[in-house]
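Below is one structure, written out as structure tokens; comments come after it.
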Amino acid sequence: MSIDIVIPNYNGFSLLRENLPRIIEEINEHEGSIIIVDDGSNKDEFESLSNFVKDKNILLLRNERNSGFSSAVNRGMSKSNSDFVVLLNTDVLPEDNFLDAAIKDLLSDRNLFGIGFIDKSVEDGKTILRGRGLAKWKKGFLVHRRGEVDKTDTFWISGVSSIITRELFEKLSGFDSLYDPFYWEDIDLSYRARKSGYKIEFEPKSVVIHKHYEGSIKKYFSNFQINTIVYRNQFIFVWKNITDSNLLLSHLLWLPYHLLTSILRFDVPFLLGFLLAAAKYQD
């Protein structure tokens, strides 16, 4: 059994300087390696990271331009030959032995696509337990929400903190770059894995700390931009994955209602997200 960790990075040197030593300790317990994909960080940031990363078991890759989460992770995955790959963001710090329970689960069931970790998300001075996701089709869209962390079933596993069977990741062609720069790519991949007959689970004994508001998304994107991208990718998810005729009919019937109500609410991100999603499909 072999394990790698893939970490996409965009101007996150200060976070990696703080979190990487702990990550190295954990992966060394499993004789694995770390693949960092620098996704177009500025020159000073990348030089600082290059000088800091001296461990022989760390591979540092460089994208000259920022490509987005899906593309960065896919590139890191392409360099791995391990059985399993852990996905972590720069703003995620693993707790002691965070891989033990998840690895045990994966080894016990070869039909497991991946396992999500419990995510102690630090938000506005509070810690919210995330990692288990619930979702259902409602009024023509897939609507997702946080689930309580006392069960092992989950609708999707997060690209921020999870472990995936590499062979199955490749079989499903990884994350879809349509979702770049971020969000919905992990829901999409989990959804495709489930439709292909594979299992995904949530492991509450595998724990990470996620300093959510210190990551690059909150730092470099406004709330307006984030909401627009979220809506755009929600449309992309539906148009890409909806195959059931009843769900498709529901989406088409509810779409005029959603567009009209967004106009009445002056919900510009929703309208802009719809237009951007449509433009994506015309490319």
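By order in the structure tokens, chains are A, B, ...; within a chain, residues start at 1; ligands start at 1, following the order shown.
When the distance limit is 9 Å and only C-alpha atoms are what count, the residues near A:Leu59, minus those fewer than 5 positions from it on the same chain, are Ser33, Ile34, Ile35, Ile36, Val37 and Val53 of chain A.
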Take the selection from the previous step and output its residues with N, CA and C atoms, as a PDB file, in the first residue's frame.
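Writing the result to part.pdb gives the following:
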```pdb
ATOM      1  N   SER A  33       4.763  10.305  -0.081  1.00  0.00           N
ATOM      2  CA  SER A  33       5.388  11.531  -0.567  1.00  0.00           C
ATOM      3  C   SER A  33       4.328  12.623  -0.715  1.00  0.00           C
ATOM      4  N   ILE A  34       4.797  13.843  -0.905  1.00  0.00           N
ATOM      5  CA  ILE A  34       3.928  15.004  -1.035  1.00  0.00           C
ATOM      6  C   ILE A  34       4.175  15.645  -2.399  1.00  0.00           C
ATOM      7  N   ILE A  35       3.094  15.965  -3.086  1.00  0.00           N
ATOM      8  CA  ILE A  35       3.176  16.646  -4.379  1.00  0.00           C
ATOM      9  C   ILE A  35       2.493  17.998  -4.231  1.00  0.00           C
ATOM     10  N   ILE A  36       3.256  19.059  -4.329  1.00  0.00           N
ATOM     11  CA  ILE A  36       2.705  20.409  -4.259  1.00  0.00           C
ATOM     12  C   ILE A  36       2.640  20.976  -5.669  1.00  0.00           C
ATOM     13  N   VAL A  37       1.471  21.431  -6.061  1.00  0.00           N
ATOM     14  CA  VAL A  37       1.303  22.052  -7.378  1.00  0.00           C
ATOM     15  C   VAL A  37       1.120  23.547  -7.172  1.00  0.00           C
ATOM     16  N   VAL A  53      11.016  24.294   0.678  1.00  0.00           N
ATOM     17  CA  VAL A  53      10.770  22.868   0.435  1.00  0.00           C
ATOM     18  C   VAL A  53      12.087  22.179   0.087  1.00  0.00           C
TER      19      VAL A  53
END
```
Excluding A:Pro94 and residues on its chain fewer than 4 positions from it, collect all residues at most 9 Å away from it, counting only C-alpha atoms, and give them as a VMD selection string. chain A and resid 19 22 to 23 26 88 98 to 99 206 to 210
Okay, now the selection with all heavy atoms, as a short mmCIF file (atom, residue, chain, number, x, y, z; two decimals), in the first residue's frame?
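Here's the written file selection_17.cif:
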```
data_model
loop_
_atom_site.label_atom_id
_atom_site.label_comp_id
_atom_site.auth_asym_id
_atom_site.auth_seq_id
_atom_site.Cartn_x
_atom_site.Cartn_y
_atom_site.Cartn_z
N ASN A 19 1.94 24.77 8.10
CA ASN A 19 1.26 23.48 8.12
C ASN A 19 2.07 22.31 7.56
O ASN A 19 1.85 21.16 7.94
CB ASN A 19 -0.06 23.56 7.33
CG ASN A 19 -1.05 24.52 7.96
OD1 ASN A 19 -0.99 24.79 9.16
ND2 ASN A 19 -1.96 25.04 7.15
N ARG A 22 3.86 19.61 9.84
CA ARG A 22 2.94 18.64 10.43
C ARG A 22 2.48 17.61 9.39
O ARG A 22 2.35 16.41 9.68
CB ARG A 22 1.72 19.40 10.97
CG ARG A 22 0.74 18.51 11.72
CD ARG A 22 1.25 18.17 13.12
NE ARG A 22 0.49 17.08 13.69
CZ ARG A 22 0.77 15.79 13.49
NH1 ARG A 22 1.81 15.43 12.74
NH2 ARG A 22 0.04 14.86 14.05
N ILE A 23 2.25 18.05 8.17
CA ILE A 23 1.84 17.15 7.11
C ILE A 23 2.95 16.15 6.80
O ILE A 23 2.70 14.96 6.59
CB ILE A 23 1.46 17.95 5.84
CG1 ILE A 23 0.25 18.83 6.12
CG2 ILE A 23 1.18 17.01 4.67
CD1 ILE A 23 -0.08 19.81 5.00
N GLU A 26 3.05 13.34 9.31
CA GLU A 26 1.98 12.36 9.12
C GLU A 26 2.26 11.44 7.94
O GLU A 26 2.08 10.22 8.03
CB GLU A 26 0.64 13.07 8.94
CG GLU A 26 0.08 13.67 10.21
CD GLU A 26 -0.22 12.62 11.27
OE1 GLU A 26 -0.78 11.56 10.93
OE2 GLU A 26 0.12 12.85 12.44
N LEU A 88 -5.34 17.76 0.19
CA LEU A 88 -5.36 18.76 1.25
C LEU A 88 -5.16 20.13 0.63
O LEU A 88 -4.41 20.29 -0.34
CB LEU A 88 -4.25 18.52 2.27
CG LEU A 88 -4.31 17.26 3.13
CD1 LEU A 88 -3.10 17.21 4.07
CD2 LEU A 88 -5.60 17.21 3.95
N PHE A 98 -4.29 11.17 11.44
CA PHE A 98 -5.55 11.45 10.76
C PHE A 98 -5.85 10.47 9.64
O PHE A 98 -7.00 10.36 9.20
CB PHE A 98 -5.57 12.89 10.24
CG PHE A 98 -4.88 13.11 8.92
CD1 PHE A 98 -5.59 13.51 7.80
CD2 PHE A 98 -3.50 12.94 8.79
CE1 PHE A 98 -4.97 13.72 6.58
CE2 PHE A 98 -2.87 13.16 7.58
CZ PHE A 98 -3.61 13.54 6.46
N LEU A 99 -4.86 9.74 9.17
CA LEU A 99 -5.08 8.82 8.06
C LEU A 99 -5.44 7.39 8.50
O LEU A 99 -5.97 6.61 7.69
CB LEU A 99 -3.83 8.76 7.17
CG LEU A 99 -3.53 10.00 6.33
CD1 LEU A 99 -2.23 9.81 5.57
CD2 LEU A 99 -4.68 10.27 5.37
N SER A 206 -11.07 10.56 11.19
CA SER A 206 -9.99 11.21 10.45
C SER A 206 -10.25 12.71 10.49
O SER A 206 -11.21 13.20 9.88
CB SER A 206 -9.94 10.71 9.00
OG SER A 206 -9.55 9.35 8.96
N VAL A 207 -9.41 13.44 11.19
CA VAL A 207 -9.72 14.83 11.54
C VAL A 207 -8.66 15.80 11.04
O VAL A 207 -7.47 15.56 11.18
CB VAL A 207 -9.87 14.99 13.07
CG1 VAL A 207 -10.30 16.41 13.43
CG2 VAL A 207 -10.86 13.98 13.63
N VAL A 208 -9.13 16.91 10.44
CA VAL A 208 -8.25 18.00 10.06
C VAL A 208 -8.84 19.32 10.57
O VAL A 208 -10.04 19.42 10.82
CB VAL A 208 -8.05 18.09 8.53
CG1 VAL A 208 -7.44 16.80 7.99
CG2 VAL A 208 -9.36 18.41 7.82
N ILE A 209 -7.96 20.30 10.70
CA ILE A 209 -8.38 21.66 11.06
C ILE A 209 -8.29 22.51 9.79
O ILE A 209 -7.25 22.55 9.13
CB ILE A 209 -7.49 22.25 12.16
CG1 ILE A 209 -7.60 21.39 13.43
CG2 ILE A 209 -7.88 23.70 12.47
CD1 ILE A 209 -6.57 21.74 14.48
N HIS A 210 -9.36 23.18 9.47
CA HIS A 210 -9.42 23.96 8.22
C HIS A 210 -9.63 25.44 8.55
O HIS A 210 -10.70 25.85 8.97
CB HIS A 210 -10.58 23.44 7.36
CG HIS A 210 -10.67 24.09 6.01
ND1 HIS A 210 -11.75 23.96 5.19
CD2 HIS A 210 -9.79 24.88 5.35
CE1 HIS A 210 -11.55 24.63 4.08
NE2 HIS A 210 -10.37 25.20 4.16
#
```
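Within the 12 Å cut-off around A:Glu167, using only C-alpha atoms and omitting residues fewer than 5 positions from it on the same chain, the listed residues are Met77, Ser78, Ser80, Asn81, Ser82, Asp83, Phe84, Val85, Arg110, Asn111, Leu112, Phe113, Gly114, Leu172, Ser173 and Gly174 of chain A.
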Would you mind exporting the chosen residues as an mmCIF file, in the first residue's frame, restricted to C-alpha atoms?
```
data_model
loop_
_atom_site.group_PDB
_atom_site.id
_atom_site.type_symbol
_atom_site.label_atom_id
_atom_site.label_comp_id
_atom_site.auth_asym_id
_atom_site.auth_seq_id
_atom_site.Cartn_x
_atom_site.Cartn_y
_atom_site.Cartn_z
ATOM 1 C CA MET A 77 -2.527 13.358 -9.443
ATOM 2 C CA SER A 78 -0.891 12.629 -12.791
ATOM 3 C CA SER A 80 1.384 9.977 -8.454
ATOM 4 C CA ASN A 81 1.759 6.219 -8.751
ATOM 5 C CA SER A 82 0.411 5.450 -5.300
ATOM 6 C CA ASP A 83 -2.602 3.353 -4.373
ATOM 7 C CA PHE A 84 -4.299 6.217 -2.545
ATOM 8 C CA VAL A 85 -3.960 9.991 -2.728
ATOM 9 C CA ARG A 110 -11.966 -2.117 -2.633
ATOM 10 C CA ASN A 111 -15.144 -0.602 -4.071
ATOM 11 C CA LEU A 112 -14.613 2.589 -2.087
ATOM 12 C CA PHE A 113 -13.847 5.534 -4.335
ATOM 13 C CA GLY A 114 -12.848 7.761 -1.456
ATOM 14 C CA LEU A 172 -13.297 8.777 -13.971
ATOM 15 C CA SER A 173 -10.883 11.309 -15.580
ATOM 16 C CA GLY A 174 -10.443 13.226 -12.344
#
```
From a backbone DSSP assignment, name each residue in stretch 175-271 of chain A labelled helix (DSSP H, G or I), as a PyMOL selection string. chain A and resi 177-179+185-195+212-214+216-220+223-241+245-264+268-271
All strand (DSSP E) positions in stretch 22-260 of chain A, as a ChimeraX atom specification: /A:33-39,58-63,84-88,92-94,112-123,126-130,133-138,141-146,161-165,199-210
Atom CA of A:Arg132 sits from atom CA of A:Lys151 at a separation of 8.2 Å
Which stretch 155-262 of chain A residues have any atom within 10 Å of an atom of stretch 12-17 of chain A, and for each, what is the nearest pair of atoms with distance in Å to one decimal, counting only C-alpha atoms, rows sorted by chain and number, as JSON lines?
```
{"residue": "A:Lys211", "atom": "CA", "partner": "A:Leu15", "partner_atom": "CA", "distance": 9.5}
{"residue": "A:Glu214", "atom": "CA", "partner": "A:Leu15", "partner_atom": "CA", "distance": 8.1}
{"residue": "A:Gly215", "atom": "CA", "partner": "A:Gly12", "partner_atom": "CA", "distance": 7.3}
{"residue": "A:Ser216", "atom": "CA", "partner": "A:Gly12", "partner_atom": "CA", "distance": 6.9}
```
Just to be explicit: take each residue in the selection above, keep all heavy atoms, and write the result as a PDB file, in the first residue's frame.
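Written out: part_33.pdb:
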```
ATOM      1  N   LYS A 211      -8.572  26.225   8.352  1.00  0.00           N
ATOM      2  CA  LYS A 211      -8.663  27.677   8.577  1.00  0.00           C
ATOM      3  C   LYS A 211      -9.221  28.314   7.313  1.00  0.00           C
ATOM      4  O   LYS A 211      -8.524  28.937   6.520  1.00  0.00           O
ATOM      5  CB  LYS A 211      -7.296  28.227   8.947  1.00  0.00           C
ATOM      6  CG  LYS A 211      -6.765  27.638  10.250  1.00  0.00           C
ATOM      7  CD  LYS A 211      -5.403  28.193  10.620  1.00  0.00           C
ATOM      8  CE  LYS A 211      -4.901  27.583  11.924  1.00  0.00           C
ATOM      9  NZ  LYS A 211      -3.568  28.095  12.303  1.00  0.00           N
ATOM     10  N   GLU A 214      -8.522  31.769   5.732  1.00  0.00           N
ATOM     11  CA  GLU A 214      -7.137  32.140   5.439  1.00  0.00           C
ATOM     12  C   GLU A 214      -6.683  31.635   4.076  1.00  0.00           C
ATOM     13  O   GLU A 214      -5.579  31.935   3.635  1.00  0.00           O
ATOM     14  CB  GLU A 214      -6.209  31.582   6.532  1.00  0.00           C
ATOM     15  CG  GLU A 214      -6.459  32.200   7.905  1.00  0.00           C
ATOM     16  CD  GLU A 214      -5.479  31.691   8.948  1.00  0.00           C
ATOM     17  OE1 GLU A 214      -4.446  31.104   8.558  1.00  0.00           O
ATOM     18  OE2 GLU A 214      -5.752  31.858  10.149  1.00  0.00           O
ATOM     19  N   GLY A 215      -7.529  30.871   3.402  1.00  0.00           N
ATOM     20  CA  GLY A 215      -7.181  30.323   2.096  1.00  0.00           C
ATOM     21  C   GLY A 215      -7.243  31.364   0.991  1.00  0.00           C
ATOM     22  O   GLY A 215      -7.698  32.502   1.177  1.00  0.00           O
ATOM     23  N   SER A 216      -6.808  30.967  -0.200  1.00  0.00           N
ATOM     24  CA  SER A 216      -6.677  31.909  -1.308  1.00  0.00           C
ATOM     25  C   SER A 216      -8.019  32.396  -1.836  1.00  0.00           C
ATOM     26  O   SER A 216      -8.114  33.518  -2.348  1.00  0.00           O
ATOM     27  CB  SER A 216      -5.872  31.258  -2.444  1.00  0.00           C
ATOM     28  OG  SER A 216      -6.535  30.099  -2.925  1.00  0.00           O
TER      29      SER A 216
END
```
